[in-house]
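Undergrad: Input run32.csv, format and content: CSV, N, CA and C atoms.
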```csv
chain,number,residue,atom,x,y,z
A,1,MET,N,2.1,88.3,-48.8
A,1,MET,CA,1.2,87.3,-49.4
A,1,MET,C,1.5,87.2,-50.9
A,2,VAL,N,1.7,88.3,-51.6
A,2,VAL,CA,2.0,88.3,-53.0
A,2,VAL,C,3.2,87.5,-53.3
A,3,ALA,N,4.3,87.7,-52.5
A,3,ALA,CA,5.5,87.0,-52.7
A,3,ALA,C,5.4,85.5,-52.5
A,4,GLU,N,4.7,85.2,-51.4
A,4,GLU,CA,4.4,83.7,-51.2
A,4,GLU,C,3.7,83.1,-52.3
A,5,ALA,N,2.7,83.8,-52.8
A,5,ALA,CA,1.9,83.2,-53.9
A,5,ALA,C,2.7,83.0,-55.2
A,6,LEU,N,3.5,84.0,-55.5
A,6,LEU,CA,4.4,83.9,-56.7
A,6,LEU,C,5.4,82.8,-56.5
A,7,ILE,N,6.0,82.7,-55.4
A,7,ILE,CA,7.0,81.6,-55.1
A,7,ILE,C,6.4,80.3,-55.3
A,8,ALA,N,5.2,80.1,-54.7
A,8,ALA,CA,4.5,78.8,-54.8
A,8,ALA,C,4.2,78.5,-56.3
A,9,GLN,N,3.8,79.5,-57.0
A,9,GLN,CA,3.4,79.3,-58.4
A,9,GLN,C,4.7,78.9,-59.2
A,10,VAL,N,5.8,79.6,-59.0
A,10,VAL,CA,7.0,79.3,-59.8
A,10,VAL,C,7.5,77.9,-59.4
A,11,GLN,N,7.5,77.6,-58.1
A,11,GLN,CA,8.0,76.3,-57.6
A,11,GLN,C,7.0,75.2,-57.7
A,12,GLY,N,5.8,75.5,-58.2
A,12,GLY,CA,4.8,74.4,-58.3
A,12,GLY,C,4.3,73.9,-57.0
A,13,GLY,N,4.4,74.8,-55.9
A,13,GLY,CA,3.9,74.4,-54.6
A,13,GLY,C,2.5,74.8,-54.4
A,14,GLU,N,2.1,74.5,-53.1
A,14,GLU,CA,0.7,74.9,-52.7
A,14,GLU,C,0.6,76.4,-52.5
A,15,ALA,N,-0.5,76.9,-53.0
A,15,ALA,CA,-0.7,78.4,-52.8
A,15,ALA,C,-1.0,78.7,-51.3
A,16,PRO,N,-0.5,79.8,-50.8
A,16,PRO,CA,-0.8,80.2,-49.4
A,16,PRO,C,-2.2,80.5,-49.2
A,17,ALA,N,-2.6,80.6,-47.9
A,17,ALA,CA,-4.0,80.9,-47.6
A,17,ALA,C,-4.4,82.3,-48.2
A,18,VAL,N,-5.6,82.5,-48.4
A,18,VAL,CA,-6.1,83.8,-49.0
A,18,VAL,C,-5.9,84.8,-47.9
A,19,TYR,N,-5.5,86.0,-48.3
A,19,TYR,CA,-5.3,87.1,-47.4
A,19,TYR,C,-6.7,87.6,-46.9
A,20,THR,N,-6.8,87.7,-45.5
A,20,THR,CA,-8.1,88.0,-44.9
A,20,THR,C,-8.3,89.5,-44.8
A,21,GLY,N,-7.3,90.3,-45.0
A,21,GLY,CA,-7.5,91.7,-44.9
A,21,GLY,C,-7.2,92.3,-43.5
A,22,ALA,N,-6.7,91.4,-42.6
A,22,ALA,CA,-6.4,91.9,-41.3
A,22,ALA,C,-4.9,92.1,-41.2
A,23,GLY,N,-4.5,93.2,-40.4
A,23,GLY,CA,-3.1,93.5,-40.2
A,23,GLY,C,-2.9,94.3,-38.9
A,24,SER,N,-1.7,94.3,-38.5
A,24,SER,CA,-1.3,95.1,-37.3
A,24,SER,C,-0.1,95.9,-37.6
A,25,CYS,N,0.0,97.0,-36.9
A,25,CYS,CA,1.2,97.9,-37.0
A,25,CYS,C,1.6,98.4,-35.6
A,26,TYR,N,2.9,98.2,-35.3
A,26,TYR,CA,3.4,98.7,-34.0
A,26,TYR,C,3.8,100.2,-34.1
A,27,VAL,N,3.5,100.9,-33.1
A,27,VAL,CA,3.8,102.4,-33.1
A,27,VAL,C,4.6,102.6,-31.8
A,28,GLU,N,5.9,103.1,-32.0
A,28,GLU,CA,6.8,103.4,-30.9
A,28,GLU,C,6.6,104.8,-30.4
A,29,PHE,N,6.6,105.0,-29.1
A,29,PHE,CA,6.4,106.3,-28.5
A,29,PHE,C,7.6,106.7,-27.6
A,30,GLY,N,8.6,105.9,-27.6
A,30,GLY,CA,9.8,106.1,-26.8
A,30,GLY,C,9.6,105.6,-25.4
A,31,ALA,N,10.7,105.6,-24.6
A,31,ALA,CA,10.7,105.1,-23.2
A,31,ALA,C,10.1,103.8,-23.1
A,32,GLU,N,10.4,102.8,-24.0
A,32,GLU,CA,10.0,101.5,-23.9
A,32,GLU,C,8.4,101.3,-24.0
A,33,GLN,N,7.8,102.3,-24.6
A,33,GLN,CA,6.3,102.3,-24.7
A,33,GLN,C,6.0,102.1,-26.2
A,34,VAL,N,5.2,101.1,-26.5
A,34,VAL,CA,4.8,100.7,-27.8
A,34,VAL,C,3.3,100.5,-27.8
A,35,GLY,N,2.6,101.0,-28.8
A,35,GLY,CA,1.2,100.7,-29.0
A,35,GLY,C,1.0,99.8,-30.2
A,36,ARG,N,-0.2,99.3,-30.5
A,36,ARG,CA,-0.4,98.5,-31.7
A,36,ARG,C,-1.8,98.9,-32.2
A,37,VAL,N,-1.8,99.1,-33.5
A,37,VAL,CA,-3.0,99.3,-34.3
A,37,VAL,C,-3.4,98.0,-35.0
A,38,ASP,N,-4.6,97.5,-34.8
A,38,ASP,CA,-5.1,96.3,-35.5
A,38,ASP,C,-6.2,96.8,-36.4
A,39,VAL,N,-6.1,96.4,-37.7
A,39,VAL,CA,-7.1,96.8,-38.7
A,39,VAL,C,-7.6,95.7,-39.5
A,40,ASP,N,-8.9,95.7,-39.8
A,40,ASP,CA,-9.5,94.7,-40.6
A,40,ASP,C,-10.1,95.5,-41.8
A,41,PHE,N,-9.5,95.2,-43.0
A,41,PHE,CA,-9.9,96.0,-44.2
A,41,PHE,C,-11.0,95.3,-45.0
A,42,LEU,N,-11.3,94.0,-44.8
A,42,LEU,CA,-12.1,93.3,-45.8
A,42,LEU,C,-13.4,92.6,-45.2
A,43,SER,N,-13.5,92.4,-43.9
A,43,SER,CA,-14.6,91.6,-43.5
A,43,SER,C,-15.9,92.4,-43.3
A,44,GLY,N,-15.9,93.7,-43.4
A,44,GLY,CA,-17.2,94.4,-43.2
A,44,GLY,C,-17.4,95.4,-44.4
A,45,PRO,N,-18.4,96.2,-44.3
A,45,PRO,CA,-18.7,97.2,-45.3
A,45,PRO,C,-17.6,98.3,-45.3
A,46,ALA,N,-16.9,98.5,-44.2
A,46,ALA,CA,-15.9,99.5,-44.1
A,46,ALA,C,-14.8,99.0,-43.3
A,47,PRO,N,-13.6,99.5,-43.4
A,47,PRO,CA,-12.5,99.0,-42.6
A,47,PRO,C,-12.8,99.3,-41.1
A,48,THR,N,-12.3,98.5,-40.2
A,48,THR,CA,-12.4,98.7,-38.8
A,48,THR,C,-11.1,98.5,-38.2
A,49,GLY,N,-10.9,99.1,-37.0
A,49,GLY,CA,-9.6,99.0,-36.3
A,49,GLY,C,-9.7,99.5,-34.9
A,50,GLY,N,-8.6,99.2,-34.2
A,50,GLY,CA,-8.6,99.6,-32.8
A,50,GLY,C,-7.1,99.8,-32.4
A,51,PHE,N,-6.9,100.5,-31.4
A,51,PHE,CA,-5.6,100.8,-30.8
A,51,PHE,C,-5.4,100.2,-29.5
A,52,LEU,N,-4.4,99.3,-29.4
A,52,LEU,CA,-4.1,98.7,-28.1
A,52,LEU,C,-3.0,99.6,-27.4
A,53,GLY,N,-3.4,100.1,-26.2
A,53,GLY,CA,-2.6,101.1,-25.5
A,53,GLY,C,-1.1,100.8,-25.3
A,54,LEU,N,-0.4,101.8,-24.9
A,54,LEU,CA,1.0,101.8,-24.7
A,54,LEU,C,1.4,100.9,-23.5
A,55,SER,N,2.5,100.1,-23.8
A,55,SER,CA,2.9,99.2,-22.7
A,55,SER,C,4.3,98.7,-23.0
A,56,PRO,N,5.1,98.3,-22.0
A,56,PRO,CA,6.4,97.7,-22.2
A,56,PRO,C,6.2,96.3,-22.8
A,57,GLU,N,5.0,95.6,-22.5
A,57,GLU,CA,4.8,94.3,-23.0
A,57,GLU,C,4.7,94.3,-24.5
A,58,LEU,N,4.0,95.4,-25.1
A,58,LEU,CA,3.9,95.5,-26.5
A,58,LEU,C,5.3,95.8,-27.1
A,59,ALA,N,6.2,96.5,-26.4
A,59,ALA,CA,7.5,96.7,-26.9
A,59,ALA,C,8.2,95.3,-27.0
A,60,GLY,N,8.0,94.4,-26.1
A,60,GLY,CA,8.6,93.1,-26.2
A,60,GLY,C,8.0,92.3,-27.4
A,61,GLU,N,6.7,92.4,-27.5
A,61,GLU,CA,6.0,91.8,-28.6
A,61,GLU,C,6.5,92.3,-30.0
A,62,LYS,N,6.7,93.6,-30.1
A,62,LYS,CA,7.3,94.2,-31.3
A,62,LYS,C,8.6,93.6,-31.6
A,63,GLN,N,9.5,93.5,-30.6
A,63,GLN,CA,10.8,93.0,-30.7
A,63,GLN,C,10.8,91.5,-31.2
A,64,ASP,N,9.9,90.7,-30.6
A,64,ASP,CA,9.8,89.3,-31.0
A,64,ASP,C,9.3,89.2,-32.4
A,65,PHE,N,8.4,90.1,-32.8
A,65,PHE,CA,7.8,90.1,-34.2
A,65,PHE,C,9.0,90.4,-35.2
A,66,GLY,N,9.7,91.4,-34.9
A,66,GLY,CA,10.9,91.8,-35.7
A,66,GLY,C,11.9,90.6,-35.9
A,67,SER,N,12.2,90.0,-34.7
A,67,SER,CA,13.2,88.9,-34.8
A,67,SER,C,12.6,87.7,-35.6
A,68,SER,N,11.4,87.4,-35.4
A,68,SER,CA,10.8,86.3,-36.2
A,68,SER,C,10.8,86.6,-37.7
A,69,ARG,N,10.6,87.8,-38.1
A,69,ARG,CA,10.6,88.1,-39.5
A,69,ARG,C,12.1,88.1,-40.1
A,70,ARG,N,13.0,88.6,-39.3
A,70,ARG,CA,14.4,88.5,-39.7
A,70,ARG,C,14.9,87.0,-39.9
A,71,ARG,N,14.4,86.2,-39.0
A,71,ARG,CA,14.8,84.7,-39.1
A,71,ARG,C,14.1,84.1,-40.4
A,72,ARG,N,12.8,84.4,-40.5
A,72,ARG,CA,12.0,83.9,-41.6
A,72,ARG,C,12.5,84.4,-43.0
A,73,TRP,N,12.7,85.7,-43.1
A,73,TRP,CA,13.1,86.3,-44.4
A,73,TRP,C,14.6,86.2,-44.7
A,74,PHE,N,15.4,86.3,-43.7
A,74,PHE,CA,16.9,86.4,-44.0
A,74,PHE,C,17.7,85.3,-43.3
A,75,GLY,N,17.1,84.5,-42.5
A,75,GLY,CA,17.8,83.5,-41.8
A,75,GLY,C,18.8,84.0,-40.7
A,76,VAL,N,18.5,85.2,-40.2
A,76,VAL,CA,19.4,85.8,-39.2
A,76,VAL,C,18.6,86.2,-37.9
A,77,GLU,N,19.3,86.3,-36.8
A,77,GLU,CA,18.6,86.7,-35.6
A,77,GLU,C,18.6,88.1,-35.5
```
For this file, write the structure as structure tokens.

TA:
Amino acid sequence: MVAEALIAQVQGGEAPAVYTGAGSCYVEFGAEQVGRVDVDFLSGPAPTGGFLGLSPELAGEKQDFGSSRRRRWFGVE
């Protein structure tokens, strides 16, 4: 978010949407099992979060997420 805001400012573009305080983190457990932690830091009086249990589906989601970031940030698959 910070990088996008700075780039927009330098290039005279439109500022990105305001950060909502929500984020996710994938956690690998091996054997194609991945979990995900979803956290919301800003919408309540205290941070809230939850853990989405282990599954091979989340392993695929994590892989897709990583691929999309490599394409977006570096232009590579």

Undergrad: Give me the residues of segment 1-34 of chain A that have any atom at most 8 Å from an atom of segment 62-74 of chain A; for each, the nearest atom pair and the distance in Å, rounded to one decimal. Use all atoms listed in the file, sort by chain and number, and format it as a Markdown table.

TA:
```
| residue | atom | partner | partner_atom | distance |
| --- | --- | --- | --- | --- |
| A:Tyr26 | CA | A:Lys62 | CA | 6.5 |
| A:Val27 | N | A:Lys62 | CA | 7.9 |
| A:Val34 | CA | A:Lys62 | N | 7.7 |
```

Undergrad: Which of segment 1-60 of chain A end up as strand (DSSP E or B) when DSSP is run on this backbone - answer as a JSON list (two decimals) with N, CA and C atoms, keeping the file's coordinate frame?

TA:
```json
[["chain", "number", "residue", "atom", "x", "y", "z"],
["A", 22, "ALA", "N", -6.70, 91.40, -42.60],
["A", 22, "ALA", "CA", -6.40, 91.90, -41.30],
["A", 22, "ALA", "C", -4.90, 92.10, -41.20],
["A", 23, "GLY", "N", -4.50, 93.20, -40.40],
["A", 23, "GLY", "CA", -3.10, 93.50, -40.20],
["A", 23, "GLY", "C", -2.90, 94.30, -38.90],
["A", 24, "SER", "N", -1.70, 94.30, -38.50],
["A", 24, "SER", "CA", -1.30, 95.10, -37.30],
["A", 24, "SER", "C", -0.10, 95.90, -37.60],
["A", 25, "CYS", "N", 0.00, 97.00, -36.90],
["A", 25, "CYS", "CA", 1.20, 97.90, -37.00],
["A", 25, "CYS", "C", 1.60, 98.40, -35.60],
["A", 26, "TYR", "N", 2.90, 98.20, -35.30],
["A", 26, "TYR", "CA", 3.40, 98.70, -34.00],
["A", 26, "TYR", "C", 3.80, 100.20, -34.10],
["A", 27, "VAL", "N", 3.50, 100.90, -33.10],
["A", 27, "VAL", "CA", 3.80, 102.40, -33.10],
["A", 27, "VAL", "C", 4.60, 102.60, -31.80],
["A", 28, "GLU", "N", 5.90, 103.10, -32.00],
["A", 28, "GLU", "CA", 6.80, 103.40, -30.90],
["A", 28, "GLU", "C", 6.60, 104.80, -30.40],
["A", 29, "PHE", "N", 6.60, 105.00, -29.10],
["A", 29, "PHE", "CA", 6.40, 106.30, -28.50],
["A", 29, "PHE", "C", 7.60, 106.70, -27.60],
["A", 30, "GLY", "N", 8.60, 105.90, -27.60],
["A", 30, "GLY", "CA", 9.80, 106.10, -26.80],
["A", 30, "GLY", "C", 9.60, 105.60, -25.40],
["A", 33, "GLN", "N", 7.80, 102.30, -24.60],
["A", 33, "GLN", "CA", 6.30, 102.30, -24.70],
["A", 33, "GLN", "C", 6.00, 102.10, -26.20],
["A", 34, "VAL", "N", 5.20, 101.10, -26.50],
["A", 34, "VAL", "CA", 4.80, 100.70, -27.80],
["A", 34, "VAL", "C", 3.30, 100.50, -27.80],
["A", 35, "GLY", "N", 2.60, 101.00, -28.80],
["A", 35, "GLY", "CA", 1.20, 100.70, -29.00],
["A", 35, "GLY", "C", 1.00, 99.80, -30.20],
["A", 36, "ARG", "N", -0.20, 99.30, -30.50],
["A", 36, "ARG", "CA", -0.40, 98.50, -31.70],
["A", 36, "ARG", "C", -1.80, 98.90, -32.20],
["A", 37, "VAL", "N", -1.80, 99.10, -33.50],
["A", 37, "VAL", "CA", -3.00, 99.30, -34.30],
["A", 37, "VAL", "C", -3.40, 98.00, -35.00],
["A", 38, "ASP", "N", -4.60, 97.50, -34.80],
["A", 38, "ASP", "CA", -5.10, 96.30, -35.50],
["A", 38, "ASP", "C", -6.20, 96.80, -36.40],
["A", 39, "VAL", "N", -6.10, 96.40, -37.70],
["A", 39, "VAL", "CA", -7.10, 96.80, -38.70],
["A", 39, "VAL", "C", -7.60, 95.70, -39.50],
["A", 40, "ASP", "N", -8.90, 95.70, -39.80],
["A", 40, "ASP", "CA", -9.50, 94.70, -40.60],
["A", 40, "ASP", "C", -10.10, 95.50, -41.80],
["A", 48, "THR", "N", -12.30, 98.50, -40.20],
["A", 48, "THR", "CA", -12.40, 98.70, -38.80],
["A", 48, "THR", "C", -11.10, 98.50, -38.20],
["A", 49, "GLY", "N", -10.90, 99.10, -37.00],
["A", 49, "GLY", "CA", -9.60, 99.00, -36.30],
["A", 49, "GLY", "C", -9.70, 99.50, -34.90],
["A", 50, "GLY", "N", -8.60, 99.20, -34.20],
["A", 50, "GLY", "CA", -8.60, 99.60, -32.80],
["A", 50, "GLY", "C", -7.10, 99.80, -32.40],
["A", 51, "PHE", "N", -6.90, 100.50, -31.40],
["A", 51, "PHE", "CA", -5.60, 100.80, -30.80],
["A", 51, "PHE", "C", -5.40, 100.20, -29.50],
["A", 52, "LEU", "N", -4.40, 99.30, -29.40],
["A", 52, "LEU", "CA", -4.10, 98.70, -28.10],
["A", 52, "LEU", "C", -3.00, 99.60, -27.40],
["A", 53, "GLY", "N", -3.40, 100.10, -26.20],
["A", 53, "GLY", "CA", -2.60, 101.10, -25.50],
["A", 53, "GLY", "C", -1.10, 100.80, -25.30],
["A", 54, "LEU", "N", -0.40, 101.80, -24.90],
["A", 54, "LEU", "CA", 1.00, 101.80, -24.70],
["A", 54, "LEU", "C", 1.40, 100.90, -23.50],
["A", 55, "SER", "N", 2.50, 100.10, -23.80],
["A", 55, "SER", "CA", 2.90, 99.20, -22.70],
["A", 55, "SER", "C", 4.30, 98.70, -23.00]]
```

Undergrad: Please indicate the distance in Å from atom N of Val76 of chain A to atom C of Gly60 of chain A, rounded to one decimal place.

TA: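 Atom C of Gly60 of chain A lies at a distance of 18.0 Å from atom N of Val76 of chain A.
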
Undergrad: Please report the interatomic distance between atom CA of Phe41 of chain A and atom CA of Ser24 of chain A in Å with one decimal.

TA: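 Atom CA of Phe41 of chain A sits 11.1 Å away from atom CA of Ser24 of chain A.
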
Undergrad: Which distance in Å separates atom CA of Val18 of chain A and atom CA of Pro47 of chain A, to one decimal?

TA: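 Atom-to-atom, atom CA of Val18 of chain A and atom CA of Pro47 of chain A are spaced 17.7 Å apart.
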
Undergrad: Using DSSP secondary structure from the backbone, list all helix (DSSP H, G or I) positions within chain A, as number ranges by chain.

TA: A: 2-11, 56-74

Undergrad: Need to verify the contact set: Met1 of chain A, 8 Å, all atoms listed in the file, exclusion of same-chain residues closer than 6 positions in sequence. Can you return it as a PyMOL selection string?

TA: chain A and resi 7+16-19

Undergrad: Atoms to include: N, CA and C atoms. Write the selected residues as an mmCIF file, in the frame of the given file.

TA:
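part-v2.cif was written with the following content:
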```cif
data_model
loop_
_atom_site.group_PDB
_atom_site.id
_atom_site.type_symbol
_atom_site.label_atom_id
_atom_site.label_comp_id
_atom_site.auth_asym_id
_atom_site.auth_seq_id
_atom_site.Cartn_x
_atom_site.Cartn_y
_atom_site.Cartn_z
ATOM 1 N N ILE A 7 6.000 82.700 -55.400
ATOM 2 C CA ILE A 7 7.000 81.600 -55.100
ATOM 3 C C ILE A 7 6.400 80.300 -55.300
ATOM 4 N N PRO A 16 -0.500 79.800 -50.800
ATOM 5 C CA PRO A 16 -0.800 80.200 -49.400
ATOM 6 C C PRO A 16 -2.200 80.500 -49.200
ATOM 7 N N ALA A 17 -2.600 80.600 -47.900
ATOM 8 C CA ALA A 17 -4.000 80.900 -47.600
ATOM 9 C C ALA A 17 -4.400 82.300 -48.200
ATOM 10 N N VAL A 18 -5.600 82.500 -48.400
ATOM 11 C CA VAL A 18 -6.100 83.800 -49.000
ATOM 12 C C VAL A 18 -5.900 84.800 -47.900
ATOM 13 N N TYR A 19 -5.500 86.000 -48.300
ATOM 14 C CA TYR A 19 -5.300 87.100 -47.400
ATOM 15 C C TYR A 19 -6.700 87.600 -46.900
#
```

Undergrad: Pick from A:Cys25, A:Arg36, A:Glu4, A:Gly13: nearest to Gly53 of chain A, with all atoms listed in the file counted?

TA: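 Of the candidates, the smallest distance to Gly53 of chain A is held by A:Arg36.
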
Undergrad: Which of these residues is nearest to Pro56 of chain A, using only C-alpha atoms: A:Gly44, A:Gly75, A:Gly35, A:Gly23?

TA: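 Counting only C-alpha atoms, the residue closest to Pro56 of chain A is A:Gly35.
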
Undergrad: Would you mind telling me which residue in A:Glu14, A:Ala8, A:Gly21, A:Glu61 lies nearest to Thr48 of chain A when using only C-alpha atoms?

TA: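 For Thr48 of chain A, the nearest of the given residues is A:Gly21.
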